[in-house]
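Remarks on the structure that follows.
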Amino acid sequence: MRQPSILLSSILLISLAHVHAQNNPEPIRLCVSTLQNSSRTAIDATWQRNQLIKAFERNNKGKDVAKGKAARIETVLLDSNSETDPAVRDKNCQFILHLNVVEVIDAGTSDGDPRPHSIGIGSTPNDPRSNDNRATVSYRIMQAGELKVWDAGEVTAHDPLPDAMLLSHLMDQTANRVVSDFREHH
């Protein structure tokens with residue numbers, strides 16, 4: 001009597017797992033190029049890119065991904081920032097993310113004009129707080145096999161944090177924006 005109920009329970013569980021797997025969106029494979037640095041400040045690009053990858057991993061642990069409402073983003077590291085890196089095809093990436101640290105300005109230095117089309121984090125534009133450092137990261141998402149930009153943006157932060165921590169915060173914000181862009185378009 002017990003054998004048939006165990007067998008039926010097993011079949012039911014397998015069937016439910018199969019239906020659940022079919023409802024989950026396919027993961028998005030995102031190649032992440034090496035971080036470029038156009039600022040005049042020395043940064044640890046490898047450490048910052050690792051912070052970005054960790055931010056994507058945190059997003060993948062969110063409840064929408066767990067419930068199958070949003071696709072996982074599988075990151076793949078590239079060894080270059082070339083637009084036509086052959087590793088993109090070899091690693092079956094659908095998209096390529098290029099990042100550039102545009103500026104890192106320490107408090108008290110001349111910073112010039114604010115950058116157009118940027119989103120500030122932690123303060124309002126033209127905030128007079130002189131004790132804050134400022135950093136800006138630009139990003140471009142390219143669809144694999146195409147040379148046109150799929151999406152792009154800039155993220156800027158003002159904060160008294162040291163440069164490395166401020167940039168780490170920007171990597172987190174950039175990952176959140178990229179995830180949001182994918183969810184909007186997929």
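Each chain in the structure tokens gets a letter, A, B and so on, in the order shown; residues start at 1 in every chain, and ligands are counted from 1 in the order they appear.
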Selection: 10 Å around Thr174 in chain A, only C-alpha atoms, excl. self and same-chain fewer than 4 positions, as a list in words =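 Everything that qualifies: Leu52, Ala55, Phe56, Leu99, Val137, Ser138, Tyr139, Gly153, Glu154, Val155, Thr156, Ser168, His169, Leu170, Val178, Val179 and Ser180 of chain A.
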Long-range neighbours of Val76 in chain A as number ranges by chain, 7 Å cut-off, only C-alpha atoms, 2 positions minimum in chain | A: 30-32, 74, 78
With only C-alpha atoms as the basis for distance, which of A:Leu97, A:Ala135, A:Ala144, A:Ala164 is at the shortest distance from Arg177 in chain A?
->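 Of the candidates, the smallest distance to Arg177 in chain A is held by A:Leu97.
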Test item: residues at most 7 Å from Ile141 in chain A, only C-alpha atoms, excluding those fewer than 3 positions along its chain, as a ChimeraX atom specification | /A:95-98,149-152
Would you please give, as number ranges by chain, all residues of range 16-98 of chain A that DSSP assigns to strand (DSSP E) based on the backbone?
-> A: 28-32, 36-37, 73-77, 95-98
With C-alpha atoms retained, export the selected residues as a short mmCIF file (atom, residue, chain, number, x, y, z; two decimals), in the first residue's frame.
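Produced file part09.cif, reproduced below:
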```
data_model
loop_
_atom_site.label_atom_id
_atom_site.label_comp_id
_atom_site.auth_asym_id
_atom_site.auth_seq_id
_atom_site.Cartn_x
_atom_site.Cartn_y
_atom_site.Cartn_z
CA ILE A 28 20.68 36.23 -19.96
CA ARG A 29 24.38 35.63 -20.69
CA LEU A 30 26.22 38.91 -20.23
CA CYS A 31 29.91 39.20 -21.06
CA VAL A 32 31.60 41.87 -18.93
CA GLN A 36 38.29 51.13 -18.68
CA ASN A 37 39.57 54.12 -16.73
CA ILE A 73 21.86 37.30 -15.45
CA GLU A 74 24.85 35.02 -15.93
CA THR A 75 28.02 37.08 -16.07
CA VAL A 76 31.06 35.96 -18.06
CA LEU A 77 34.34 37.83 -17.67
CA PHE A 95 25.14 40.90 -24.58
CA ILE A 96 28.41 42.66 -23.73
CA LEU A 97 28.74 45.23 -20.95
CA HIS A 98 31.45 47.89 -21.31
#
```
With only C-alpha atoms as the atoms that count, which of A:Asn131, A:Asn50, A:Asn100, A:Ser82 lies nearest to Ser38 in chain A?
->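 Looking only at the distances to Ser38 in chain A, the closest residue turns out to be A:Asn100.
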Using only C-alpha atoms, find the one residue out of A:His158, A:Lys148, A:Arg49, A:His185 that sits nearest to Val104 in chain A.
->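 Ranked by minimum distance to Val104 in chain A, first place goes to A:His158.
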Mind pulling up the distance from CA of Met171 in chain A to CA of Thr34 in chain A?
->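 Going from CA of Thr34 in chain A over to CA of Met171 in chain A, I get 13.1 Å.
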If you count only C-alpha atoms, which residues fall within 9 Å of Asn133 in chain A, apart from same-chain ones fewer than 3 positions away, as a list in words?
->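 Near Asn133 in chain A, the qualifying residues are Val104, Ile105, Asp106, Ala107, Gly108, Ser130, Ala157, His158, Asp159, Pro160, Leu161, Pro162, Asp163 and Leu166 of chain A.
Candidate residues A:Arg40, A:Lys69, A:Arg89, A:Arg140 were compared for distance to Pro27 in chain A, and the nearest is A:Lys69, using only C-alpha atoms.
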Counting only C-alpha atoms, figure out which residue out of A:Asp90, A:Lys54, A:Leu147, A:Glu103 gets nearest to Arg134 in chain A.
-> A:Glu103
All helix (DSSP H, G or I) residues (DSSP, backbone) inside range 38-118 of chain A, as JSON, numbers by chain | {"A": [45, 46, 47, 48, 49, 50, 51, 52, 53, 54, 55, 56, 57, 58, 59, 60, 63, 64, 65, 66, 87, 88, 89, 90]}
